[in-house]
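Source file coords-v1.txt; content: compact mmCIF, C-alpha atoms.
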```txt
# COMPACT_ATOMS: atom_id res chain seq x y z
CA MET R 1 -4.75 121.27 271.43
CA GLY R 2 -5.43 124.49 273.29
CA ARG R 3 -7.31 125.90 270.35
CA ASP R 4 -10.70 124.25 270.97
CA HIS R 5 -10.62 125.19 274.59
CA ASP R 6 -9.55 128.78 273.80
CA HIS R 7 -12.37 129.15 271.34
CA ALA R 8 -15.03 127.76 273.64
CA ASP R 9 -16.39 130.81 275.40
CA HIS R 10 -17.18 133.63 272.99
CA SER R 11 -19.11 135.71 275.48
CA GLU R 12 -16.01 136.34 277.60
CA LEU R 13 -13.91 137.85 274.82
CA SER R 14 -12.47 141.32 275.07
CA ASP R 15 -12.59 143.55 272.01
CA VAL R 16 -8.98 142.81 271.11
CA GLU R 17 -9.45 139.07 271.58
CA ARG R 18 -12.48 139.21 269.32
CA ARG R 19 -10.48 141.05 266.64
CA VAL R 20 -7.63 138.53 266.75
CA ARG R 21 -10.09 135.66 266.50
CA ALA R 22 -11.97 137.32 263.64
CA LEU R 23 -8.77 137.92 261.69
CA GLU R 24 -7.51 134.39 262.28
CA THR R 25 -10.87 132.86 261.30
CA VAL R 26 -11.28 134.90 258.12
CA MET R 27 -7.69 134.26 257.03
CA THR R 28 -8.03 130.53 257.73
CA GLN R 29 -11.37 130.22 255.93
CA LYS R 30 -9.88 131.96 252.91
CA GLY R 31 -6.93 129.60 252.90
CA TYR R 32 -4.24 132.23 253.51
CA ILE R 33 -2.89 130.65 256.66
CA ASP R 34 -2.36 127.15 257.97
CA PRO R 35 -3.59 127.07 261.59
CA ALA R 36 -0.99 124.42 262.38
CA ALA R 37 1.72 126.86 261.25
CA LEU R 38 0.43 129.39 263.79
CA ASP R 39 0.83 126.79 266.53
CA VAL R 40 4.43 126.14 265.45
CA LEU R 41 5.17 129.87 265.39
CA ILE R 42 3.68 130.39 268.83
CA ASP R 43 5.65 127.48 270.26
CA THR R 44 8.85 128.69 268.62
CA TYR R 45 8.77 132.15 270.16
CA GLN R 46 7.49 130.97 273.53
CA THR R 47 9.84 128.05 274.10
CA LYS R 48 12.66 127.83 271.56
CA VAL R 49 13.97 131.33 270.89
CA GLY R 50 15.07 133.48 273.78
CA PRO R 51 17.92 135.26 275.49
CA ARG R 52 19.62 132.04 276.61
CA ASN R 53 20.75 131.74 272.98
CA GLY R 54 22.55 135.07 273.17
CA ALA R 55 23.93 134.19 276.60
CA ARG R 56 25.60 131.13 275.10
CA ALA R 57 27.23 133.29 272.44
CA VAL R 58 28.49 135.73 275.06
CA ALA R 59 29.85 133.00 277.31
CA ARG R 60 31.62 131.42 274.33
CA ALA R 61 33.16 134.79 273.50
CA TRP R 62 34.38 135.11 277.09
CA VAL R 63 36.18 131.76 277.07
CA ASP R 64 37.26 131.43 273.45
CA PRO R 65 39.35 134.34 272.08
CA ALA R 66 39.18 132.96 268.53
CA PHE R 67 35.35 132.85 268.70
CA ARG R 68 35.29 136.35 270.12
CA GLU R 69 37.44 137.54 267.23
CA ARG R 70 35.06 135.93 264.71
CA LEU R 71 32.07 137.35 266.57
CA MET R 72 33.45 140.87 266.42
CA ARG R 73 34.41 140.53 262.76
CA ASP R 74 31.27 138.78 261.42
CA ALA R 75 28.66 138.26 264.12
CA THR R 76 26.08 136.74 261.76
CA ALA R 77 28.45 133.90 260.84
CA ALA R 78 29.82 133.41 264.36
CA ILE R 79 26.33 133.21 265.88
CA ALA R 80 25.28 130.78 263.14
CA GLU R 81 28.10 128.47 264.33
CA LEU R 82 25.99 128.02 267.49
CA GLY R 83 22.89 127.25 265.42
CA TYR R 84 21.15 130.63 265.72
CA SER R 85 20.23 132.47 262.55
CA GLY R 86 17.43 133.92 260.51
CA ARG R 87 14.51 136.22 260.92
CA GLN R 88 15.44 139.54 262.58
CA GLY R 89 19.04 138.38 262.90
CA GLU R 90 20.03 138.34 259.24
CA HIS R 91 22.71 141.02 259.66
CA MET R 92 24.21 140.88 263.14
CA ILE R 93 26.86 143.12 264.66
CA ALA R 94 28.35 142.45 268.11
CA VAL R 95 29.45 145.46 270.14
CA ALA R 96 31.67 144.75 273.14
CA ASN R 97 31.58 146.60 276.42
CA VAL R 98 35.08 147.24 277.74
CA PRO R 99 36.29 149.27 280.72
CA GLY R 100 35.53 152.90 279.89
CA ARG R 101 33.08 152.17 277.08
CA HIS R 102 29.48 150.97 277.35
CA ASN R 103 27.02 150.19 274.55
CA ILE R 104 23.22 150.37 274.63
CA VAL R 105 20.84 149.32 271.86
CA VAL R 106 17.45 150.85 271.01
CA CYS R 107 15.06 151.09 268.12
CA THR R 108 13.49 154.54 268.45
CA LEU R 109 11.23 154.01 265.41
CA CYS R 110 9.68 150.65 266.29
CA SER R 111 10.96 147.55 268.07
CA CYS R 112 13.83 146.11 266.01
CA TYR R 113 15.51 143.44 268.12
CA PRO R 114 17.78 140.45 267.38
CA TRP R 115 15.21 137.64 267.68
CA PRO R 116 17.49 134.63 267.06
CA VAL R 117 19.73 135.50 270.02
CA LEU R 118 17.40 137.40 272.37
CA GLY R 119 13.91 136.17 271.44
CA LEU R 120 11.09 138.71 271.41
CA PRO R 121 11.66 142.05 273.13
CA PRO R 122 10.39 142.92 276.59
CA VAL R 123 7.56 145.44 276.83
CA TRP R 124 9.80 148.27 278.01
CA TYR R 125 12.04 147.93 274.94
CA LYS R 126 9.03 148.55 272.68
CA SER R 127 7.51 151.30 274.81
CA ALA R 128 7.69 155.06 274.50
CA PRO R 129 9.63 155.83 277.72
CA TYR R 130 12.69 153.78 276.70
CA ARG R 131 12.59 154.58 272.99
CA SER R 132 12.21 158.30 273.52
CA ARG R 133 14.67 158.82 276.33
CA VAL R 134 17.63 156.45 276.05
CA VAL R 135 19.07 158.40 273.11
CA ARG R 136 18.90 161.62 275.11
CA ASP R 137 19.50 160.63 278.72
CA PRO R 138 21.16 157.21 278.78
CA ARG R 139 22.44 157.60 282.34
CA GLY R 140 18.96 158.48 283.58
CA VAL R 141 17.53 155.40 281.87
CA LEU R 142 20.32 153.18 283.22
CA ALA R 143 19.51 154.43 286.72
CA GLU R 144 15.95 153.13 286.28
CA PHE R 145 17.52 149.70 285.69
CA GLY R 146 19.65 150.13 288.80
CA VAL R 147 22.84 150.61 286.79
CA THR R 148 25.35 153.36 287.53
CA LEU R 149 28.46 153.61 285.40
CA PRO R 150 31.61 155.56 286.28
CA ALA R 151 31.33 159.20 285.19
CA SER R 152 34.31 158.70 282.89
CA THR R 153 32.68 155.83 280.95
CA GLN R 154 31.81 156.70 277.37
CA ILE R 155 28.32 155.63 276.38
CA ARG R 156 27.33 154.77 272.81
CA VAL R 157 23.63 154.35 272.04
CA TRP R 158 22.96 152.38 268.84
CA ASP R 159 19.64 153.27 267.21
CA SER R 160 18.94 150.24 264.99
CA THR R 161 17.12 152.01 262.20
CA ALA R 162 17.86 149.55 259.36
CA GLU R 163 18.00 145.74 259.21
CA VAL R 164 21.27 145.42 261.12
CA ARG R 165 20.70 144.00 264.60
CA TYR R 166 23.05 144.62 267.51
CA LEU R 167 24.11 142.31 270.33
CA VAL R 168 25.97 143.82 273.26
CA ILE R 169 28.76 141.65 274.65
CA PRO R 170 28.86 142.60 278.33
CA GLU R 171 32.08 142.67 280.31
CA ARG R 172 32.96 139.38 281.96
CA PRO R 173 32.47 139.72 285.72
CA ALA R 174 35.51 139.60 287.96
CA GLY R 175 36.28 136.40 289.84
CA THR R 176 34.89 134.04 287.19
CA ASP R 177 38.16 132.50 286.01
CA GLY R 178 37.33 128.95 287.03
CA LEU R 179 33.73 128.88 285.80
CA SER R 180 32.48 126.62 283.04
CA GLU R 181 30.99 128.09 279.90
CA GLU R 182 27.55 127.00 281.08
CA ALA R 183 28.00 128.67 284.47
CA LEU R 184 29.19 131.82 282.73
CA ALA R 185 26.14 131.85 280.45
CA ALA R 186 23.94 131.88 283.54
CA LEU R 187 25.51 135.23 284.50
CA VAL R 188 24.54 136.80 281.19
CA THR R 189 21.19 138.54 281.51
CA ARG R 190 18.94 139.64 278.68
CA ASP R 191 19.35 143.26 279.76
CA SER R 192 23.14 142.95 279.73
CA MET R 193 22.94 142.04 276.04
CA ILE R 194 20.81 145.13 275.31
CA GLY R 195 23.10 147.30 277.41
CA THR R 196 20.58 148.28 280.08
CA GLY R 197 22.21 145.89 282.53
CA LEU R 198 25.53 144.32 283.42
CA ALA R 199 26.37 140.63 283.63
CA ARG R 200 25.66 139.26 287.10
CA ALA R 201 28.43 138.86 289.59
CA VAL R 202 29.03 135.36 290.92
CA GLY R 203 26.42 134.61 293.59
CA GLU R 204 24.16 137.51 292.52
CA THR R 205 20.62 136.52 291.58
CA MET T 1 -3.01 163.80 253.12
CA PRO T 2 0.41 164.39 254.72
CA TYR T 3 2.24 161.31 255.94
CA VAL T 4 2.45 161.26 259.73
CA SER T 5 4.43 158.67 261.67
CA HIS T 6 3.40 158.46 265.31
CA ALA T 7 6.34 156.14 266.04
CA ASP T 8 9.14 158.68 265.61
CA ILE T 9 9.59 159.49 269.29
CA GLY T 10 13.37 159.49 269.84
CA GLY T 11 14.35 162.45 272.02
CA ARG T 12 10.80 163.37 273.03
CA SER T 13 9.98 163.83 276.68
CA GLY T 14 6.91 163.25 278.81
CA PHE T 15 6.46 159.49 278.53
CA GLY T 16 7.41 158.75 282.12
CA PRO T 17 9.89 156.27 283.58
CA VAL T 18 10.99 152.99 282.02
CA VAL T 19 9.43 149.96 283.72
CA PRO T 20 11.91 147.05 283.66
CA GLU T 21 10.51 143.53 283.62
CA PRO T 22 12.00 140.13 284.37
CA GLU T 23 13.40 137.91 281.69
CA GLY T 24 10.93 135.41 280.31
CA ALA T 25 7.83 137.61 280.34
CA VAL T 26 7.48 137.76 276.57
CA PHE T 27 3.70 137.76 276.20
CA HIS T 28 1.17 139.21 278.62
CA ALA T 29 -2.12 137.88 277.24
CA THR T 30 -3.05 134.74 275.31
CA TRP T 31 -4.04 136.76 272.23
CA GLU T 32 -0.57 138.33 271.94
CA PRO T 33 1.33 135.26 270.67
CA ARG T 34 -1.54 134.66 268.21
CA ALA T 35 -1.31 138.23 266.89
CA HIS T 36 2.45 137.82 266.57
CA ALA T 37 2.13 134.48 264.76
CA LEU T 38 -0.58 135.88 262.46
CA THR T 39 1.77 138.74 261.56
CA ILE T 40 4.51 136.32 260.49
CA ALA T 41 2.18 133.87 258.74
CA LEU T 42 0.38 136.60 256.78
CA GLY T 43 3.66 138.35 255.98
CA ALA T 44 4.78 135.05 254.45
CA THR T 45 1.98 135.31 251.85
CA GLY T 46 4.10 138.00 250.18
CA SER T 47 1.14 140.37 249.96
CA TRP T 48 3.24 143.12 251.52
CA ASN T 49 6.81 143.58 252.75
CA LEU T 50 8.25 144.40 256.18
CA ASP T 51 8.62 148.09 255.39
CA MET T 52 4.97 148.32 254.33
CA ALA T 53 4.05 146.63 257.60
CA ARG T 54 6.07 149.16 259.61
CA SER T 55 4.42 151.96 257.67
CA ALA T 56 0.95 150.54 258.38
CA ARG T 57 1.72 150.40 262.10
CA GLU T 58 3.36 153.78 262.56
CA THR T 59 0.48 155.60 260.85
CA LEU T 60 -2.19 154.22 263.18
CA PRO T 61 -3.71 157.44 264.58
CA ASP T 62 -3.89 156.09 268.15
CA TYR T 63 -0.41 154.50 268.00
CA LEU T 64 0.83 156.04 271.25
CA ASN T 65 -2.19 154.80 273.20
CA LEU T 66 -1.87 151.19 272.11
CA SER T 67 0.14 148.30 273.50
CA TYR T 68 2.73 146.97 271.09
CA TYR T 69 0.78 143.90 269.98
CA GLU T 70 -2.33 146.07 269.61
CA ILE T 71 -0.23 148.12 267.20
CA TRP T 72 0.73 144.97 265.32
CA LEU T 73 -2.90 143.84 265.20
CA GLY T 74 -4.07 147.24 263.98
CA GLY T 75 -1.38 147.29 261.31
CA LEU T 76 -2.31 143.80 260.20
CA GLU T 77 -6.01 144.68 259.89
CA LYS T 78 -5.07 147.68 257.76
CA LEU T 79 -2.83 145.58 255.51
CA VAL T 80 -5.26 142.73 254.91
CA ILE T 81 -7.89 145.27 253.86
CA ALA T 82 -5.49 147.36 251.75
CA LYS T 83 -4.21 144.26 249.95
CA ASN T 84 -7.69 142.77 249.47
CA LEU T 85 -7.17 139.72 251.65
CA ALA T 86 -10.26 140.71 253.62
CA THR T 87 -12.97 143.34 253.65
CA PRO T 88 -14.03 145.36 256.68
CA ASP T 89 -17.36 143.54 256.78
CA GLU T 90 -15.56 140.20 257.03
CA LEU T 91 -13.45 141.37 259.97
CA THR T 92 -16.61 142.64 261.66
CA ALA T 93 -18.51 139.43 260.96
CA GLY T 94 -15.58 137.22 261.95
CA CYS T 95 -16.05 134.94 258.97
CA ALA T 96 -15.29 134.91 255.27
CA LEU T 97 -18.05 136.51 253.17
CA HIS T 98 -16.28 136.81 249.83
CA ALA T 99 -14.22 134.58 247.58
CA PRO T 100 -10.47 134.55 248.36
CA ALA T 101 -7.98 136.33 246.13
CA PRO T 102 -4.80 134.45 245.20
CA VAL T 103 -1.73 134.94 247.43
CA GLY T 104 1.91 134.18 246.67
CA ARG T 105 2.38 131.49 249.30
CA VAL T 106 0.72 129.85 252.28
CA LEU T 107 3.17 129.07 255.07
CA LYS T 108 2.75 125.45 256.14
CA ALA T 109 3.58 124.15 259.59
CA ASP T 110 6.44 121.99 258.36
CA GLN T 111 8.02 124.98 256.60
CA VAL T 112 8.09 127.32 259.60
CA ALA T 113 11.47 126.35 261.03
CA ALA T 114 13.23 126.61 257.69
CA VAL T 115 11.56 129.90 256.79
CA LEU T 116 12.48 131.46 260.13
CA ALA T 117 16.05 130.14 259.94
CA LYS T 118 16.47 131.61 256.48
CA GLY T 119 15.02 134.99 257.37
CA ALA T 120 14.95 137.75 254.80
CA PRO T 121 18.44 139.21 254.31
CA THR T 122 18.35 142.74 252.88
CA GLU T 123 21.91 143.07 251.56
CA ARG T 124 22.07 143.38 247.78
CA ALA T 125 24.69 143.95 245.09
CA PRO T 126 25.43 147.69 244.98
CA ALA T 127 24.54 149.66 241.87
CA GLY T 128 27.72 151.72 242.16
CA PRO T 129 30.57 152.58 244.51
CA ALA T 130 29.87 153.89 248.01
CA ARG T 131 29.90 157.67 248.10
CA PHE T 132 31.22 157.95 251.66
CA ARG T 133 34.07 156.32 253.55
CA PRO T 134 34.77 155.78 257.26
CA GLY T 135 35.91 158.94 259.01
CA GLN T 136 34.11 161.27 256.62
CA ARG T 137 31.84 163.97 258.04
CA VAL T 138 28.28 163.94 256.72
CA ARG T 139 25.10 165.88 257.32
CA THR T 140 21.69 164.24 257.44
CA ARG T 141 18.80 165.46 255.35
CA ALA T 142 16.99 168.26 257.18
CA THR T 143 13.56 167.99 255.61
CA PRO T 144 10.90 165.55 256.81
CA ALA T 145 9.91 162.78 254.38
CA GLU T 146 6.36 162.61 253.05
CA HIS T 147 6.43 158.81 253.33
CA HIS T 148 7.78 156.02 255.54
CA THR T 149 11.42 156.66 256.36
CA ARG T 150 14.03 155.36 258.78
CA LEU T 151 15.70 158.71 259.34
CA PRO T 152 14.43 159.62 262.82
CA GLY T 153 13.33 163.21 263.40
CA TYR T 154 15.87 163.78 266.16
CA LEU T 155 18.68 163.00 263.68
CA ARG T 156 17.50 165.26 260.86
CA GLY T 157 19.85 168.07 259.81
CA LYS T 158 22.67 166.86 262.09
CA THR T 159 26.38 166.48 261.41
CA GLY T 160 28.05 163.19 262.20
CA VAL T 161 30.86 160.89 261.10
CA ILE T 162 30.72 157.74 258.98
CA GLU T 163 31.97 154.90 261.18
CA ARG T 164 31.32 151.83 259.08
CA VAL T 165 30.11 150.91 255.61
CA LEU T 166 27.48 148.17 255.94
CA GLY T 167 27.00 147.25 252.28
CA ALA T 168 24.07 148.02 250.01
CA HIS T 169 20.65 147.18 251.45
CA VAL T 170 17.01 147.27 250.38
CA PHE T 171 16.03 150.93 250.83
CA ALA T 172 13.18 151.07 253.34
CA ASP T 173 11.79 154.37 252.02
CA SER T 174 11.30 153.00 248.49
CA HIS T 175 10.33 149.50 249.59
CA ALA T 176 7.56 150.78 251.87
CA GLN T 177 6.03 152.75 249.03
CA GLY T 178 5.94 149.77 246.68
CA LEU T 179 8.71 151.22 244.55
CA GLY T 180 10.86 148.10 244.60
CA GLU T 181 13.98 147.27 246.59
CA ASP T 182 16.07 150.18 245.26
CA PRO T 183 19.25 149.03 247.10
CA GLN T 184 21.32 151.85 248.56
CA TRP T 185 24.57 151.96 250.50
CA LEU T 186 24.05 151.77 254.24
CA TYR T 187 26.39 153.35 256.81
CA THR T 188 26.73 153.55 260.57
CA VAL T 189 26.85 157.29 261.31
CA VAL T 190 27.92 158.54 264.73
CA PHE T 191 26.90 161.81 266.38
CA ASP T 192 28.28 163.43 269.47
CA ALA T 193 25.42 163.96 271.92
CA ALA T 194 26.18 167.70 271.99
CA GLU T 195 25.27 167.88 268.29
CA LEU T 196 21.87 166.42 269.11
CA TRP T 197 21.03 167.81 272.53
CA GLY T 198 23.21 170.90 272.96
CA SER T 199 24.10 171.96 276.48
CA GLU T 200 22.03 169.23 278.15
CA ALA T 201 24.11 166.48 276.50
CA THR T 202 25.85 163.99 278.77
CA PRO T 203 29.65 164.22 278.36
CA GLY T 204 31.11 161.16 276.65
CA HIS T 205 27.78 160.17 275.11
CA SER T 206 27.38 159.43 271.42
CA VAL T 207 24.50 158.11 269.32
CA SER T 208 24.74 156.17 266.10
CA PHE T 209 22.17 155.06 263.55
CA ASP T 210 22.20 153.13 260.31
CA ALA T 211 21.67 155.54 257.43
CA TRP T 212 21.00 154.82 253.78
CA GLN T 213 23.04 156.99 251.46
CA PRO T 214 20.08 159.15 250.30
CA TYR T 215 19.75 160.41 253.91
CA LEU T 216 23.27 161.89 253.79
CA GLU T 217 25.18 164.68 252.15
CA ALA T 218 28.87 165.57 252.40
CA THR T 219 29.71 168.56 254.59
```

Would you mind writing the file out in structure tokens?
Amino acid sequence: MGRDHDHADHSELSDVERRVRALETVMTQKGYIDPAALDVLIDTYQTKVGPRNGARAVARAWVDPAFRERLMRDATAAIAELGYSGRQGEHMIAVANVPGRHNIVVCTLCSCYPWPVLGLPPVWYKSAPYRSRVVRDPRGVLAEFGVTLPASTQIRVWDSTAEVRYLVIPERPAGTDGLSEEALAALVTRDSMIGTGLARAVGET
Amino acid sequence: MPYVSHADIGGRSGFGPVVPEPEGAVFHATWEPRAHALTIALGATGSWNLDMARSARETLPDYLNLSYYEIWLGGLEKLVIAKNLATPDELTAGCALHAPAPVGRVLKADQVAAVLAKGAPTERAPAGPARFRPGQRVRTRATPAEHHTRLPGYLRGKTGVIERVLGAHVFADSHAQGLGEDPQWLYTVVFDAAELWGSEATPGHSVSFDAWQPYLEAT
């Protein structure tokens, strides 16, 4: 579909675009890749996998104590109940924020991130400022996200150095007792599941 | 040549402020999703493993000046050349100039969903009992590794506490060097921030990482 159009104008290519095209062309001509598989992969990570998956898991945990218990005991299995599993989420652990204790996830060595529940990571998560500093000055980093926690709150930073992937379960906002699971999921932001944000309050955008 | 990872930046200063971005902005140029998809599709050939890919990326000399998908692209170019899937002249020419070498698998479009859903679990049967138990104090290895490792520099030679035993997993250090899976016990180890950062540590702050047993010794 888009491929022919994308490939039309060679003269306009940047160096990096030329390199990607060269690699794709050589690998295709040699039979190592199926171009149609690339299209499926691109579509998957642009439209199917993203943080709304994780938000559904969080909202379920907020309304269903038995699910929350399963999520905290074996997050891989509990998340698979919702249909999310696989690459970069093979070994999941859920860490719950509670009053007085806040969790933040980082990968200081690269960009490890729980793809099945959060999709692909935002640029800042993969970039040097966050990776270098959140392990040393978490409150300073949180301030750059507009988050201030009480001075008494304990902060745990999880550096995901192996193949275990972490999902933060943010605290359920106050005043949400009557909300549906779907409405609750809308309050769960991507950043709140990394720990650099909090779940939205009702009416907050 | 000594092994140098340019990715081991935990605790370093001077990189400036974090720039948050809105949810949904996953790719920022049309070549980025293609580079990402190429990485997965070529990884599926089995010509290298994930730890070799991380090693290829972190040793790019200009790592810190590249965007993240530029790092992935650079790592991929290195790997396809190192594993004889392409030659430098082919990548320059942008077309195949030599006969293909056999690969383990070619990922087909109709296999993508199942392959992604299956993933690549790294837990394995342990070769022996775990050496450490929750609550035990351990010290991390102090010396730098001369190869890919997942023991960050800022956590070398530090004393922490075993919090959780995570099972035996493919050992990244061995796997990246082509030495097989070499499964080792994996633990969550927790450090008080004062152990890592001294007097500048924030009160009530702790850091944990996931450590394979060879990174640890009893105190």

Exercise. List the residues sitting within 10 Å of (17.1, 161.4, 255.0) in the file's frame, using only C-alpha atoms, as a ChimeraX atom specification.
Key: /T:139-145,149-153,155-157,173,211-217

Practice problem: Tell me the residues of chain R close to chain T, meaning within 6 Å using all atoms listed in the file, as a ChimeraX atom specification. | Solution: /R:17,22,26,30,32-34,36-38,41-42,85-87,90,108-109,122,124,129-133,136,154-162

Exercise. Within 8 Å of region 174-181 of chain T, counting all atoms listed in the file, which residues show up once you throw out same-chain ones fewer than 2 positions away? Write them as a VMD selection string, please.
Key: chain T and resid 49 to 53 55 147 to 148 170 to 172 183

Quiz prompt | Length of the CA of Trp115 (chain R) to CA of Gln88 (chain R) vector [Å] | solution = 5.4 Å

Exercise. Determine the nearest neighbour of Gly100 (chain R) from the options R:Leu82, R:Leu149, R:Ala55, R:Ala199, counting all atoms listed in the file.
Key: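 Under the stated criterion, the closest residue is R:Leu149.
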
Quiz item: Can you tell me how far CA of Ala125 (chain T) sits from CA of Tyr113 (chain R), in Å to one decimal?
Solution: 24.8 Å

Give as a PDB file with C-alpha atoms, keeping the file's coordinate frame every residue, naming chains and numbers as the document does, that has an atom within 10 Å of (32.5, 154.9, 253.3), counting all atoms listed in the file.
```pdb
ATOM      1  CA  PRO T 129      30.570 152.580 244.510  1.00  0.00           C
ATOM      2  CA  ALA T 130      29.870 153.890 248.010  1.00  0.00           C
ATOM      3  CA  ARG T 131      29.900 157.670 248.100  1.00  0.00           C
ATOM      4  CA  PHE T 132      31.220 157.950 251.660  1.00  0.00           C
ATOM      5  CA  ARG T 133      34.070 156.320 253.550  1.00  0.00           C
ATOM      6  CA  PRO T 134      34.770 155.780 257.260  1.00  0.00           C
ATOM      7  CA  GLY T 135      35.910 158.940 259.010  1.00  0.00           C
ATOM      8  CA  GLN T 136      34.110 161.270 256.620  1.00  0.00           C
ATOM      9  CA  VAL T 161      30.860 160.890 261.100  1.00  0.00           C
ATOM     10  CA  ILE T 162      30.720 157.740 258.980  1.00  0.00           C
ATOM     11  CA  GLU T 163      31.970 154.900 261.180  1.00  0.00           C
ATOM     12  CA  ARG T 164      31.320 151.830 259.080  1.00  0.00           C
ATOM     13  CA  VAL T 165      30.110 150.910 255.610  1.00  0.00           C
ATOM     14  CA  LEU T 166      27.480 148.170 255.940  1.00  0.00           C
ATOM     15  CA  GLY T 167      27.000 147.250 252.280  1.00  0.00           C
ATOM     16  CA  TRP T 185      24.570 151.960 250.500  1.00  0.00           C
ATOM     17  CA  LEU T 186      24.050 151.770 254.240  1.00  0.00           C
ATOM     18  CA  TYR T 187      26.390 153.350 256.810  1.00  0.00           C
ATOM     19  CA  THR T 188      26.730 153.550 260.570  1.00  0.00           C
ATOM     20  CA  GLN T 213      23.040 156.990 251.460  1.00  0.00           C
TER      21      GLN T 213
END
```

Self-check item: 9 Å contact set for region 72-74 of chain R, only C-alpha atoms, chain neighbours under 6 positions out, as a ChimeraX atom specification
Solution: /R:92-96

Quiz item: Quick one: distance from CA of Thr76 (chain R) to CA of Arg56 (chain R) in Å, one decimal?
Solution: 14.5 Å
